[in-house]
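Report on the following structure.
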Amino acid sequence: MTPKWTGFPYFELTGDGAKAAAKELGDTVIYAGADHAEVSLQVETLQNFVTQKPDAIILAAIDLNAVAPVLVDARKKGIVVATYDADAAVPARDFFCNQLSYEQAAKLMLDCALIDVPEGGEIAFIAASPTSPNHMAHIKIMTELSQSDAKYKVFKPVDTQFAADDDAKSYDVAVNLMQAHPNLKVIISSSAVSAPAAARAIEASGHVGKVYATGFALPSAIKRYLENGSQKAFGFWDPFELGYVVAYETHMKLA
């Protein structure tokens with residue numbers, strides 16, 4: 001099992017969940033990867049996995065197409081490939097296990113934005129990269145909903161910036177978005193790194209009550225902002241359960 005990167009609590013919890021399922025089922029999970037989100041390093045990790053000839057590989061893809069060749073090779077060798085959190089190209093995996101559909105996630109984030117500013121206004125997005133499968137799908141759907149769904153037409157998307165799931169870069173991007181768009185109302189990100197960093201940037205730059213951050217985050221990362229009132233609404237993941245489910249389903253696929 002390899003996440004987008006190791007050391008981040010969200011992905012560590014998915015690893016813990018997978019190991020818990022494996023313990024119940026009599027399987028063994030090897031959890032490994034680079035300590036930062038670099039697609040070439042993820043491909044290298046996957047190549048190393050393939051040489052070890054495991055029964056299955058589980059991954060959260062950084063780039064759905066870049067990881068495809070090594071995963072296709074793995075499948076040709078009889079290795080089951082499962083993705084979670086962020087999908088790979090469909091021919092490169094056996095199944096994708098997600099917390100909820102991309103459309104459900106997009107609607108939830110826009111509903112949170114409506115709690116922040118019921119009257120609507122300008123919104124901007126932060127994603128990891130232009131090739132991040134889950135983030136870009138969320139942004140595409142939110143943009144479409146803001147144009148087609150009467151409930152969300154109060155929002156006007158004005159910008160999308162990329163922060164590589166990096167805390168410091170996410171903070172800087174959020175500051176830059178507020179400077180570039182004086183009428184900005186909400187910064188939205190489904191990155192569990194970027195969403196809390198945007199909340200911190202809003203507070204530090206004196207924009208509390210003028211701009212809001214929302215998206216998905218770990219409760220521990222956003223608790224302070226909800227308690228002090230600088231932020232109103234976020235979506236929370238349960239990464240342990242996600243890891244548990246994908247490991248359990250992988251076992252069933254092998255059975």
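Chain labels follow the order of the structure tokens: the first chain is A, the next B, and so on; residue numbering restarts at 1 in every chain, and ligands are counted from 1 in their shown order.
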Requested in this report: Determine, counting only C-alpha atoms, which protein, DNA and RNA residues have an atom within 10 Å of an atom of A:Ile126; residues of the same chain fewer than 2 positions away are not included. Present the result as a ChimeraX atom specification.
Outcome: /A:124,128-129,135-136,139,159-165,170,173-174,177,187-191,194-195,198,215
Just the selected residues (N, CA, C and O atoms), exported as a JSON list (two decimals), in the first residue's frame, please.
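part36.json was written with the following content:
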```
[["chain", "number", "residue", "atom", "x", "y", "z"],
["A", 124, "ALA", "N", -12.79, 30.69, -5.23],
["A", 124, "ALA", "CA", -11.56, 30.23, -5.87],
["A", 124, "ALA", "C", -11.19, 28.87, -5.32],
["A", 124, "ALA", "O", -11.56, 28.51, -4.20],
["A", 128, "ALA", "N", -4.00, 20.23, -5.68],
["A", 128, "ALA", "CA", -2.60, 19.83, -5.57],
["A", 128, "ALA", "C", -1.85, 20.12, -6.86],
["A", 128, "ALA", "O", -0.78, 20.73, -6.86],
["A", 129, "SER", "N", -2.43, 19.70, -7.99],
["A", 129, "SER", "CA", -1.79, 19.90, -9.29],
["A", 129, "SER", "C", -2.84, 19.78, -10.38],
["A", 129, "SER", "O", -3.95, 19.28, -10.13],
["A", 135, "HIS", "N", -8.94, 16.10, -6.96],
["A", 135, "HIS", "CA", -9.12, 17.54, -6.83],
["A", 135, "HIS", "C", -9.68, 18.16, -8.10],
["A", 135, "HIS", "O", -10.59, 19.00, -8.04],
["A", 136, "MET", "N", -9.13, 17.77, -9.24],
["A", 136, "MET", "CA", -9.58, 18.38, -10.49],
["A", 136, "MET", "C", -11.01, 17.96, -10.85],
["A", 136, "MET", "O", -11.77, 18.75, -11.43],
["A", 139, "ILE", "N", -13.27, 20.19, -8.74],
["A", 139, "ILE", "CA", -13.33, 21.56, -9.26],
["A", 139, "ILE", "C", -14.17, 21.63, -10.53],
["A", 139, "ILE", "O", -14.98, 22.55, -10.71],
["A", 159, "ASP", "N", -10.89, 31.58, -10.05],
["A", 159, "ASP", "CA", -9.48, 31.20, -10.14],
["A", 159, "ASP", "C", -9.29, 29.78, -9.61],
["A", 159, "ASP", "O", -10.04, 29.32, -8.75],
["A", 160, "THR", "N", -8.28, 29.11, -10.13],
["A", 160, "THR", "CA", -7.80, 27.83, -9.60],
["A", 160, "THR", "C", -6.29, 27.90, -9.53],
["A", 160, "THR", "O", -5.63, 28.22, -10.51],
["A", 161, "GLN", "N", -5.75, 27.61, -8.34],
["A", 161, "GLN", "CA", -4.31, 27.63, -8.14],
["A", 161, "GLN", "C", -3.86, 26.28, -7.58],
["A", 161, "GLN", "O", -4.67, 25.51, -7.04],
["A", 162, "PHE", "N", -2.55, 26.01, -7.67],
["A", 162, "PHE", "CA", -2.03, 24.69, -7.30],
["A", 162, "PHE", "C", -0.95, 24.83, -6.23],
["A", 162, "PHE", "O", -0.11, 25.72, -6.28],
["A", 163, "ALA", "N", -1.00, 23.91, -5.26],
["A", 163, "ALA", "CA", -0.12, 24.04, -4.10],
["A", 163, "ALA", "C", 0.58, 22.74, -3.71],
["A", 163, "ALA", "O", 1.21, 22.67, -2.65],
["A", 164, "ALA", "N", 0.45, 21.70, -4.52],
["A", 164, "ALA", "CA", 1.20, 20.44, -4.33],
["A", 164, "ALA", "C", 0.98, 19.79, -2.97],
["A", 164, "ALA", "O", 1.87, 19.11, -2.46],
["A", 165, "ASP", "N", -0.22, 20.00, -2.39],
["A", 165, "ASP", "CA", -0.49, 19.43, -1.06],
["A", 165, "ASP", "C", 0.58, 19.84, -0.05],
["A", 165, "ASP", "O", 0.91, 19.08, 0.87],
["A", 170, "SER", "N", 0.42, 26.23, 0.18],
["A", 170, "SER", "CA", -1.02, 26.45, 0.25],
["A", 170, "SER", "C", -1.34, 27.77, 0.93],
["A", 170, "SER", "O", -2.23, 28.52, 0.50],
["A", 173, "VAL", "N", -0.49, 30.54, -1.53],
["A", 173, "VAL", "CA", -1.48, 30.59, -2.60],
["A", 173, "VAL", "C", -2.76, 31.26, -2.11],
["A", 173, "VAL", "O", -3.36, 32.08, -2.82],
["A", 174, "ALA", "N", -3.20, 30.93, -0.90],
["A", 174, "ALA", "CA", -4.41, 31.53, -0.34],
["A", 174, "ALA", "C", -4.24, 33.05, -0.19],
["A", 174, "ALA", "O", -5.15, 33.83, -0.53],
["A", 177, "LEU", "N", -4.41, 34.59, -3.62],
["A", 177, "LEU", "CA", -5.78, 34.62, -4.14],
["A", 177, "LEU", "C", -6.56, 35.81, -3.57],
["A", 177, "LEU", "O", -7.29, 36.49, -4.30],
["A", 187, "ILE", "N", -12.56, 30.42, -0.37],
["A", 187, "ILE", "CA", -11.50, 29.58, -0.93],
["A", 187, "ILE", "C", -11.87, 28.13, -0.63],
["A", 187, "ILE", "O", -12.08, 27.77, 0.53],
["A", 188, "ILE", "N", -11.93, 27.31, -1.66],
["A", 188, "ILE", "CA", -12.39, 25.93, -1.51],
["A", 188, "ILE", "C", -11.29, 24.97, -1.93],
["A", 188, "ILE", "O", -10.68, 25.14, -2.99],
["A", 189, "SER", "N", -11.04, 23.94, -1.11],
["A", 189, "SER", "CA", -10.07, 22.91, -1.47],
["A", 189, "SER", "C", -10.45, 21.58, -0.85],
["A", 189, "SER", "O", -10.82, 21.52, 0.32],
["A", 190, "SER", "N", -10.35, 20.53, -1.64],
["A", 190, "SER", "CA", -10.57, 19.18, -1.09],
["A", 190, "SER", "C", -9.26, 18.56, -0.62],
["A", 190, "SER", "O", -9.23, 17.41, -0.20],
["A", 191, "SER", "N", -8.18, 19.34, -0.65],
["A", 191, "SER", "CA", -6.91, 18.89, -0.07],
["A", 191, "SER", "C", -6.96, 19.09, 1.44],
["A", 191, "SER", "O", -7.19, 20.20, 1.92],
["A", 194, "SER", "N", -4.41, 21.88, 2.08],
["A", 194, "SER", "CA", -4.67, 23.24, 1.60],
["A", 194, "SER", "C", -5.84, 23.92, 2.30],
["A", 194, "SER", "O", -5.80, 25.14, 2.53],
["A", 195, "ALA", "N", -6.88, 23.17, 2.62],
["A", 195, "ALA", "CA", -8.05, 23.80, 3.25],
["A", 195, "ALA", "C", -7.71, 24.42, 4.60],
["A", 195, "ALA", "O", -8.03, 25.59, 4.84],
["A", 198, "ALA", "N", -5.51, 27.53, 4.14],
["A", 198, "ALA", "CA", -6.27, 28.70, 3.71],
["A", 198, "ALA", "C", -6.95, 29.36, 4.89],
["A", 198, "ALA", "O", -6.99, 30.60, 4.98],
["A", 215, "GLY", "N", -13.92, 23.15, 2.47],
["A", 215, "GLY", "CA", -13.45, 21.98, 1.76],
["A", 215, "GLY", "C", -13.42, 20.81, 2.72],
["A", 215, "GLY", "O", -14.27, 20.69, 3.60]]
```
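Comparing the minimum interatomic distances between A:Asp27 and each of A:Lys185, A:Lys77, A:His251, A:Arg93, counting only C-alpha atoms, we find that A:His251 sits nearest.
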Query raised in the report: A:Ser132, A:Gln231, A:Thr83, A:Thr214: which is nearest A:Ala113, counting only C-alpha atoms?
Result: A:Thr214
Query raised in the report: If we count only C-alpha atoms, what is near A:Arg200 at a cut-off of 10 Å, once residues fewer than 3 positions away on the same chain are taken out, given as a PyMOL selection string?
Result: chain A and resi 170-171+174-175+194-197+203-205+208+213+222+224-225+230-231
Report task. Give the alpha helix (DSSP H) residues of stretch 59-88 of chain A, as assigned by DSSP on the backbone, as a VMD selection string. Result -> chain A and resid 68 to 76
Got a sec: who's within 10 Å of A:Thr51, counting only C-alpha atoms, leaving out chain neighbours fewer than 4 positions off, as a PDB file with all heavy atoms, in the first residue's frame?
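This is the output file out_28.pdb:
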```pdb
ATOM      1  N   LEU A  46       6.032   1.977  -6.747  1.00  0.00           N
ATOM      2  CA  LEU A  46       5.201   0.954  -7.384  1.00  0.00           C
ATOM      3  C   LEU A  46       6.052  -0.058  -8.139  1.00  0.00           C
ATOM      4  O   LEU A  46       5.778  -1.274  -8.102  1.00  0.00           O
ATOM      5  CB  LEU A  46       4.197   1.613  -8.324  1.00  0.00           C
ATOM      6  CG  LEU A  46       3.116   2.471  -7.647  1.00  0.00           C
ATOM      7  CD1 LEU A  46       2.366   3.302  -8.688  1.00  0.00           C
ATOM      8  CD2 LEU A  46       2.149   1.598  -6.856  1.00  0.00           C
ATOM      9  N   GLN A  47       7.083   0.396  -8.799  1.00  0.00           N
ATOM     10  CA  GLN A  47       7.989  -0.519  -9.505  1.00  0.00           C
ATOM     11  C   GLN A  47       8.659  -1.473  -8.519  1.00  0.00           C
ATOM     12  O   GLN A  47       8.793  -2.674  -8.797  1.00  0.00           O
ATOM     13  CB  GLN A  47       9.037   0.280 -10.274  1.00  0.00           C
ATOM     14  CG  GLN A  47       8.479   1.012 -11.482  1.00  0.00           C
ATOM     15  CD  GLN A  47       9.462   1.990 -12.093  1.00  0.00           C
ATOM     16  OE1 GLN A  47      10.393   2.466 -11.433  1.00  0.00           O
ATOM     17  NE2 GLN A  47       9.270   2.301 -13.375  1.00  0.00           N
ATOM     18  N   ALA A  74       1.709  -4.519 -13.582  1.00  0.00           N
ATOM     19  CA  ALA A  74       1.394  -5.304 -12.385  1.00  0.00           C
ATOM     20  C   ALA A  74       0.201  -6.218 -12.639  1.00  0.00           C
ATOM     21  O   ALA A  74       0.224  -7.415 -12.290  1.00  0.00           O
ATOM     22  CB  ALA A  74       1.119  -4.368 -11.209  1.00  0.00           C
TER      23      ALA A  74
END
```
Report task. May I have the residues within 12 Å of A:Ser101 as a list of chain:residue names, using only C-alpha atoms and disregarding those fewer than 4 positions away in the same chain? Result -> A:Tyr84, A:Asp85, A:Ala86, A:Asp87, A:Phe96, A:Cys97, A:Ala105, A:Ala106, A:Lys107, A:Leu108, A:Asn134, A:Ala137, A:His138, A:Ile141
Keeping N, CA, C and O atoms, export the residues of the selection given above as a PDB file, in the first residue's frame.
```
ATOM      1  N   TYR A  84      -7.531   4.099  -3.970  1.00  0.00           N
ATOM      2  CA  TYR A  84      -8.395   4.723  -2.971  1.00  0.00           C
ATOM      3  C   TYR A  84      -8.064   6.206  -2.913  1.00  0.00           C
ATOM      4  O   TYR A  84      -6.978   6.620  -3.306  1.00  0.00           O
ATOM      5  N   ASP A  85      -8.993   7.014  -2.463  1.00  0.00           N
ATOM      6  CA  ASP A  85      -8.826   8.463  -2.319  1.00  0.00           C
ATOM      7  C   ASP A  85      -8.713   9.167  -3.665  1.00  0.00           C
ATOM      8  O   ASP A  85      -9.477  10.074  -3.954  1.00  0.00           O
ATOM      9  N   ALA A  86      -7.735   8.794  -4.497  1.00  0.00           N
ATOM     10  CA  ALA A  86      -7.551   9.388  -5.823  1.00  0.00           C
ATOM     11  C   ALA A  86      -7.297   8.265  -6.817  1.00  0.00           C
ATOM     12  O   ALA A  86      -6.380   7.461  -6.648  1.00  0.00           O
ATOM     13  N   ASP A  87      -8.081   8.221  -7.857  1.00  0.00           N
ATOM     14  CA  ASP A  87      -8.082   7.092  -8.785  1.00  0.00           C
ATOM     15  C   ASP A  87      -6.935   7.157  -9.785  1.00  0.00           C
ATOM     16  O   ASP A  87      -6.355   8.221 -10.041  1.00  0.00           O
ATOM     17  N   PHE A  96     -11.782   1.037  -7.737  1.00  0.00           N
ATOM     18  CA  PHE A  96     -11.509   2.285  -7.027  1.00  0.00           C
ATOM     19  C   PHE A  96     -12.436   2.372  -5.830  1.00  0.00           C
ATOM     20  O   PHE A  96     -13.655   2.222  -5.972  1.00  0.00           O
ATOM     21  N   CYS A  97     -11.879   2.604  -4.666  1.00  0.00           N
ATOM     22  CA  CYS A  97     -12.656   2.736  -3.432  1.00  0.00           C
ATOM     23  C   CYS A  97     -12.576   4.200  -2.974  1.00  0.00           C
ATOM     24  O   CYS A  97     -11.505   4.682  -2.628  1.00  0.00           O
ATOM     25  N   ALA A 105     -19.037  14.958  -3.194  1.00  0.00           N
ATOM     26  CA  ALA A 105     -18.026  15.788  -2.539  1.00  0.00           C
ATOM     27  C   ALA A 105     -18.125  17.235  -3.002  1.00  0.00           C
ATOM     28  O   ALA A 105     -18.042  18.174  -2.194  1.00  0.00           O
ATOM     29  N   ALA A 106     -18.312  17.436  -4.300  1.00  0.00           N
ATOM     30  CA  ALA A 106     -18.430  18.783  -4.848  1.00  0.00           C
ATOM     31  C   ALA A 106     -19.640  19.511  -4.255  1.00  0.00           C
ATOM     32  O   ALA A 106     -19.549  20.684  -3.861  1.00  0.00           O
ATOM     33  N   LYS A 107     -20.769  18.824  -4.191  1.00  0.00           N
ATOM     34  CA  LYS A 107     -21.978  19.444  -3.635  1.00  0.00           C
ATOM     35  C   LYS A 107     -21.803  19.761  -2.158  1.00  0.00           C
ATOM     36  O   LYS A 107     -22.250  20.821  -1.686  1.00  0.00           O
ATOM     37  N   LEU A 108     -21.149  18.872  -1.420  1.00  0.00           N
ATOM     38  CA  LEU A 108     -20.936  19.126  -0.002  1.00  0.00           C
ATOM     39  C   LEU A 108     -20.093  20.387   0.201  1.00  0.00           C
ATOM     40  O   LEU A 108     -20.399  21.223   1.066  1.00  0.00           O
ATOM     41  N   ASN A 134      -8.601  13.498  -8.097  1.00  0.00           N
ATOM     42  CA  ASN A 134      -9.776  13.821  -7.283  1.00  0.00           C
ATOM     43  C   ASN A 134     -10.009  15.324  -7.195  1.00  0.00           C
ATOM     44  O   ASN A 134     -11.128  15.803  -7.362  1.00  0.00           O
ATOM     45  N   ALA A 137     -11.376  16.730 -10.503  1.00  0.00           N
ATOM     46  CA  ALA A 137     -12.761  16.310 -10.719  1.00  0.00           C
ATOM     47  C   ALA A 137     -13.707  17.133  -9.855  1.00  0.00           C
ATOM     48  O   ALA A 137     -14.771  17.568 -10.318  1.00  0.00           O
ATOM     49  N   HIS A 138     -13.344  17.354  -8.595  1.00  0.00           N
ATOM     50  CA  HIS A 138     -14.178  18.175  -7.710  1.00  0.00           C
ATOM     51  C   HIS A 138     -14.357  19.576  -8.278  1.00  0.00           C
ATOM     52  O   HIS A 138     -15.471  20.123  -8.303  1.00  0.00           O
ATOM     53  N   ILE A 141     -16.653  19.702 -11.384  1.00  0.00           N
ATOM     54  CA  ILE A 141     -18.069  19.552 -11.046  1.00  0.00           C
ATOM     55  C   ILE A 141     -18.596  20.793 -10.336  1.00  0.00           C
ATOM     56  O   ILE A 141     -19.715  21.259 -10.622  1.00  0.00           O
TER      57      ILE A 141
END
```
